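Below is the file data_25.cif, which contains mmCIF, C-alpha atoms.
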data_start
loop_
_atom_site.group_PDB
_atom_site.id
_atom_site.type_symbol
_atom_site.label_atom_id
_atom_site.label_comp_id
_atom_site.auth_asym_id
_atom_site.auth_seq_id
_atom_site.Cartn_x
_atom_site.Cartn_y
_atom_site.Cartn_z
ATOM 1 C CA MET A 262 12.708 -8.697 4.794
ATOM 2 C CA ASN A 263 9.185 -8.257 6.124
ATOM 3 C CA LYS A 264 8.602 -4.652 7.121
ATOM 4 C CA THR A 265 5.602 -2.336 7.176
ATOM 5 C CA VAL A 266 6.742 1.071 5.955
ATOM 6 C CA VAL A 267 3.499 3.032 6.407
ATOM 7 C CA SER A 268 -0.097 2.364 7.330
ATOM 8 C CA PHE A 269 -3.210 4.525 7.166
ATOM 9 C CA ASP A 270 -6.954 4.125 7.589
ATOM 10 C CA LYS A 271 -8.910 3.355 4.438
ATOM 11 C CA ASN A 272 -12.194 3.698 6.332
ATOM 12 C CA LYS A 273 -13.414 2.911 9.856
ATOM 13 C CA PHE A 274 -13.157 -0.840 9.216
ATOM 14 C CA GLU A 275 -10.068 -1.215 7.008
ATOM 15 C CA GLU A 276 -6.431 -0.147 7.073
ATOM 16 C CA ILE A 277 -3.942 0.058 4.207
ATOM 17 C CA ARG A 278 -0.411 -1.134 4.924
ATOM 18 C CA VAL A 279 2.452 -0.529 2.517
ATOM 19 C CA GLY A 280 5.575 -2.518 3.055
ATOM 20 C CA ILE A 281 8.283 -4.815 1.831
ATOM 21 C CA LYS A 282 7.936 -8.565 2.122
ATOM 22 C CA GLU A 283 9.674 -11.682 0.942
ATOM 23 C CA TYR A 284 7.641 -14.359 -0.797
ATOM 24 C CA LYS A 285 9.168 -17.554 -2.151
ATOM 25 C CA GLY A 286 12.591 -15.926 -2.275
ATOM 26 C CA PHE A 287 11.404 -12.740 -4.024
ATOM 27 C CA ASP A 288 11.410 -9.280 -2.476
ATOM 28 C CA LEU A 289 8.092 -7.534 -3.075
ATOM 29 C CA ILE A 290 6.494 -4.156 -2.475
ATOM 30 C CA ASP A 291 3.131 -4.940 -0.902
ATOM 31 C CA PHE A 292 0.002 -2.781 -0.685
ATOM 32 C CA ARG A 293 -2.488 -4.684 1.451
ATOM 33 C CA VAL A 294 -5.873 -4.117 3.127
ATOM 34 C CA TRP A 295 -5.968 -5.236 6.760
ATOM 35 C CA VAL A 296 -9.080 -5.734 8.920
ATOM 36 C CA ASP A 297 -9.797 -6.421 12.582
ATOM 37 C CA SER A 298 -10.268 -10.059 13.469
ATOM 38 C CA LYS A 299 -11.776 -11.064 16.805
ATOM 39 C CA GLU A 300 -10.514 -14.623 16.249
ATOM 40 C CA ALA A 301 -6.924 -13.459 15.702
ATOM 41 C CA GLY A 302 -7.118 -10.791 18.395
ATOM 42 C CA GLY A 303 -5.961 -8.001 16.096
ATOM 43 C CA LYS A 304 -5.602 -6.956 12.488
ATOM 44 C CA VAL A 305 -5.087 -9.527 9.736
ATOM 45 C CA PRO A 306 -4.235 -9.118 6.037
ATOM 46 C CA THR A 307 -6.891 -9.744 3.405
ATOM 47 C CA ALA A 308 -6.562 -10.951 -0.172
ATOM 48 C CA LYS A 309 -7.290 -7.379 -1.275
ATOM 49 C CA GLY A 310 -4.019 -5.829 -2.319
ATOM 50 C CA LEU A 311 -1.191 -5.649 -4.749
ATOM 51 C CA SER A 312 2.335 -7.056 -4.642
ATOM 52 C CA LEU A 313 5.011 -5.919 -7.088
ATOM 53 C CA SER A 314 8.615 -6.909 -7.595
ATOM 54 C CA VAL A 315 10.939 -4.312 -6.071
ATOM 55 C CA GLU A 316 12.466 -4.067 -9.563
ATOM 56 C CA LEU A 317 9.265 -2.289 -10.652
ATOM 57 C CA PHE A 318 9.682 0.468 -8.040
ATOM 58 C CA PRO A 319 11.017 3.068 -10.539
ATOM 59 C CA LYS A 320 7.931 2.559 -12.749
ATOM 60 C CA LEU A 321 5.614 2.718 -9.741
ATOM 61 C CA LYS A 322 7.271 5.924 -8.554
ATOM 62 C CA GLU A 323 6.917 7.521 -11.999
ATOM 63 C CA ALA A 324 3.246 6.498 -12.139
ATOM 64 C CA ILE A 325 2.605 8.069 -8.710
ATOM 65 C CA LEU A 326 4.340 11.298 -9.773
ATOM 66 C CA GLN A 327 2.266 11.466 -12.970
ATOM 67 C CA LEU A 328 -0.897 10.803 -10.974
ATOM 68 C CA GLU A 329 0.010 13.563 -8.515
ATOM 69 C CA LYS A 330 0.492 16.048 -11.361
ATOM 70 C CA ILE A 331 -2.888 15.216 -12.907
ATOM 71 C CA LEU A 332 -4.633 15.451 -9.531
ATOM 72 C CA LYS A 333 -3.024 18.843 -8.832
ATOM 73 C CA ASP A 334 -3.751 20.151 -12.342
ATOM 74 C CA ASN A 335 -7.407 19.268 -11.813
ATOM 75 C CA ASN A 336 -7.602 20.693 -8.257
ATOM 76 C CA MET A 337 -8.373 17.281 -6.835
ATOM 77 C CA LEU A 338 -5.839 17.488 -3.984
ATOM 78 C CA PRO A 339 -6.103 19.733 -0.924
ATOM 79 C CA GLU A 340 -3.771 22.713 -0.808
ATOM 80 C CA GLU A 341 -0.493 21.990 0.972
#

Written as C-alpha cells, that's how I'd like the structure from this file.
Amino acid sequence: MNKTVVSFDKNKFEEIRVGIKEYKGFDLIDFRVWVDSKEAGGKVPTAKGLSLSVELFPKLKEAILQLEKILKDNNMLPEE
C-alpha cells in the first residue's frame, strides 16, 4: 500500500507528508519532507524523513502521547 494519510506545511518551502508505503516487501509508516520541483512539475520527496515498520506503531503512538502530555504540562501547546 502506498497512501498519504495527512500532509501539512512545514514552512513556505517544505511540506510534511505522513503515510504508509511498501518498500522491498515491508509495510512502513513514512514521515517525509516534500519540496516543489520545477523539473518534476510538482512536489517530490526528499531524503529528509523517517520510515518505521508498522509493527512499531504502538511504541510511536505511546511516544506521541507522552510528548503531548509534557508539552501540555509545560504550556507549550495552544489552548484547544

To verify the selection step, state as a VMD selection string which residues the PyMOL selection byres ((chain A and resi 276-279) around 10) yields on this input. chain A and resid 264 to 275 280 to 282 290 to 297 304 to 306 309 to 312

Give the answer as one residue: which of A:Ile331, A:Leu326, A:Met262, A:Ala301 has the shortest atom-to-atom distance to A:Lys285, using only C-alpha atoms?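 Ranked by minimum distance to A:Lys285, first place goes to A:Met262.
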
Centre, x/y/z edge lengths, axis-aligned box for stretch 317-336 of chain A with 3 Å per side, as AutoDock Vina command-line options:
--center_x 1.7 --center_y 9.2 --center_z -10.5 --size_x 24.6 --size_y 29.0 --size_z 10.9

As a list in words, please: the residues near A:Ser314 (cut-off 9 Å, only C-alpha atoms, same-chain neighbours under 3 positions excluded). Phe287, Asp288, Leu289, Ile290, Asp291, Leu317 and Phe318 of chain A

Point-to-point distance from atom CA of A:Glu283 to atom CA of A:Leu313, Å rounded to tenths: 10.9 Å

Since the input is missing atoms for stretch 297-315 of chain A, could you rebuild it with N, CA and C atoms and give the result as a PDB file, in the frame of the given file?
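Wrote it out as selection00.pdb, contents follow:
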ATOM      1  N   ASP A 297      -9.779  -5.858  11.233  1.00  0.00           N
ATOM      2  CA  ASP A 297      -9.797  -6.421  12.582  1.00  0.00           C
ATOM      3  C   ASP A 297     -10.377  -7.830  12.554  1.00  0.00           C
ATOM      4  N   SER A 298      -9.775  -8.687  13.343  1.00  0.00           N
ATOM      5  CA  SER A 298     -10.268 -10.059  13.469  1.00  0.00           C
ATOM      6  C   SER A 298     -10.368 -10.403  14.947  1.00  0.00           C
ATOM      7  N   LYS A 299     -11.583 -10.665  15.402  1.00  0.00           N
ATOM      8  CA  LYS A 299     -11.776 -11.064  16.805  1.00  0.00           C
ATOM      9  C   LYS A 299     -11.082 -12.397  17.077  1.00  0.00           C
ATOM     10  N   GLU A 300     -11.135 -13.303  16.081  1.00  0.00           N
ATOM     11  CA  GLU A 300     -10.514 -14.623  16.249  1.00  0.00           C
ATOM     12  C   GLU A 300      -8.994 -14.511  16.420  1.00  0.00           C
ATOM     13  N   ALA A 301      -8.382 -13.617  15.646  1.00  0.00           N
ATOM     14  CA  ALA A 301      -6.924 -13.459  15.702  1.00  0.00           C
ATOM     15  C   ALA A 301      -6.497 -12.491  16.804  1.00  0.00           C
ATOM     16  N   GLY A 302      -7.451 -11.740  17.338  1.00  0.00           N
ATOM     17  CA  GLY A 302      -7.118 -10.791  18.395  1.00  0.00           C
ATOM     18  C   GLY A 302      -6.379  -9.563  17.888  1.00  0.00           C
ATOM     19  N   GLY A 303      -6.610  -9.183  16.661  1.00  0.00           N
ATOM     20  CA  GLY A 303      -5.961  -8.001  16.096  1.00  0.00           C
ATOM     21  C   GLY A 303      -6.231  -7.915  14.610  1.00  0.00           C
ATOM     22  N   LYS A 304      -5.421  -7.139  13.930  1.00  0.00           N
ATOM     23  CA  LYS A 304      -5.602  -6.956  12.488  1.00  0.00           C
ATOM     24  C   LYS A 304      -4.952  -8.109  11.713  1.00  0.00           C
ATOM     25  N   VAL A 305      -5.604  -8.471  10.606  1.00  0.00           N
ATOM     26  CA  VAL A 305      -5.087  -9.527   9.736  1.00  0.00           C
ATOM     27  C   VAL A 305      -5.145  -9.040   8.284  1.00  0.00           C
ATOM     28  N   PRO A 306      -4.214  -9.514   7.444  1.00  0.00           N
ATOM     29  CA  PRO A 306      -4.235  -9.118   6.037  1.00  0.00           C
ATOM     30  C   PRO A 306      -5.364  -9.821   5.290  1.00  0.00           C
ATOM     31  N   THR A 307      -5.880  -9.149   4.268  1.00  0.00           N
ATOM     32  CA  THR A 307      -6.891  -9.744   3.405  1.00  0.00           C
ATOM     33  C   THR A 307      -6.252 -10.083   2.058  1.00  0.00           C
ATOM     34  N   ALA A 308      -7.040 -10.669   1.191  1.00  0.00           N
ATOM     35  CA  ALA A 308      -6.562 -10.951  -0.172  1.00  0.00           C
ATOM     36  C   ALA A 308      -6.573  -9.694  -1.024  1.00  0.00           C
ATOM     37  N   LYS A 309      -7.216  -8.632  -0.523  1.00  0.00           N
ATOM     38  CA  LYS A 309      -7.290  -7.379  -1.275  1.00  0.00           C
ATOM     39  C   LYS A 309      -5.948  -6.669  -1.195  1.00  0.00           C
ATOM     40  N   GLY A 310      -5.288  -6.518  -2.322  1.00  0.00           N
ATOM     41  CA  GLY A 310      -4.019  -5.829  -2.319  1.00  0.00           C
ATOM     42  C   GLY A 310      -3.262  -6.050  -3.604  1.00  0.00           C
ATOM     43  N   LEU A 311      -2.047  -5.581  -3.577  1.00  0.00           N
ATOM     44  CA  LEU A 311      -1.191  -5.649  -4.749  1.00  0.00           C
ATOM     45  C   LEU A 311       0.239  -5.869  -4.288  1.00  0.00           C
ATOM     46  N   SER A 312       0.914  -6.824  -4.903  1.00  0.00           N
ATOM     47  CA  SER A 312       2.335  -7.056  -4.642  1.00  0.00           C
ATOM     48  C   SER A 312       3.087  -6.919  -5.948  1.00  0.00           C
ATOM     49  N   LEU A 313       4.182  -6.157  -5.906  1.00  0.00           N
ATOM     50  CA  LEU A 313       5.011  -5.919  -7.088  1.00  0.00           C
ATOM     51  C   LEU A 313       6.461  -6.227  -6.773  1.00  0.00           C
ATOM     52  N   SER A 314       7.176  -6.717  -7.746  1.00  0.00           N
ATOM     53  CA  SER A 314       8.615  -6.909  -7.595  1.00  0.00           C
ATOM     54  C   SER A 314       9.264  -5.562  -7.288  1.00  0.00           C
ATOM     55  N   VAL A 315      10.250  -5.565  -6.388  1.00  0.00           N
ATOM     56  CA  VAL A 315      10.939  -4.312  -6.071  1.00  0.00           C
ATOM     57  C   VAL A 315      11.610  -3.720  -7.317  1.00  0.00           C
TER      58      VAL A 315
END
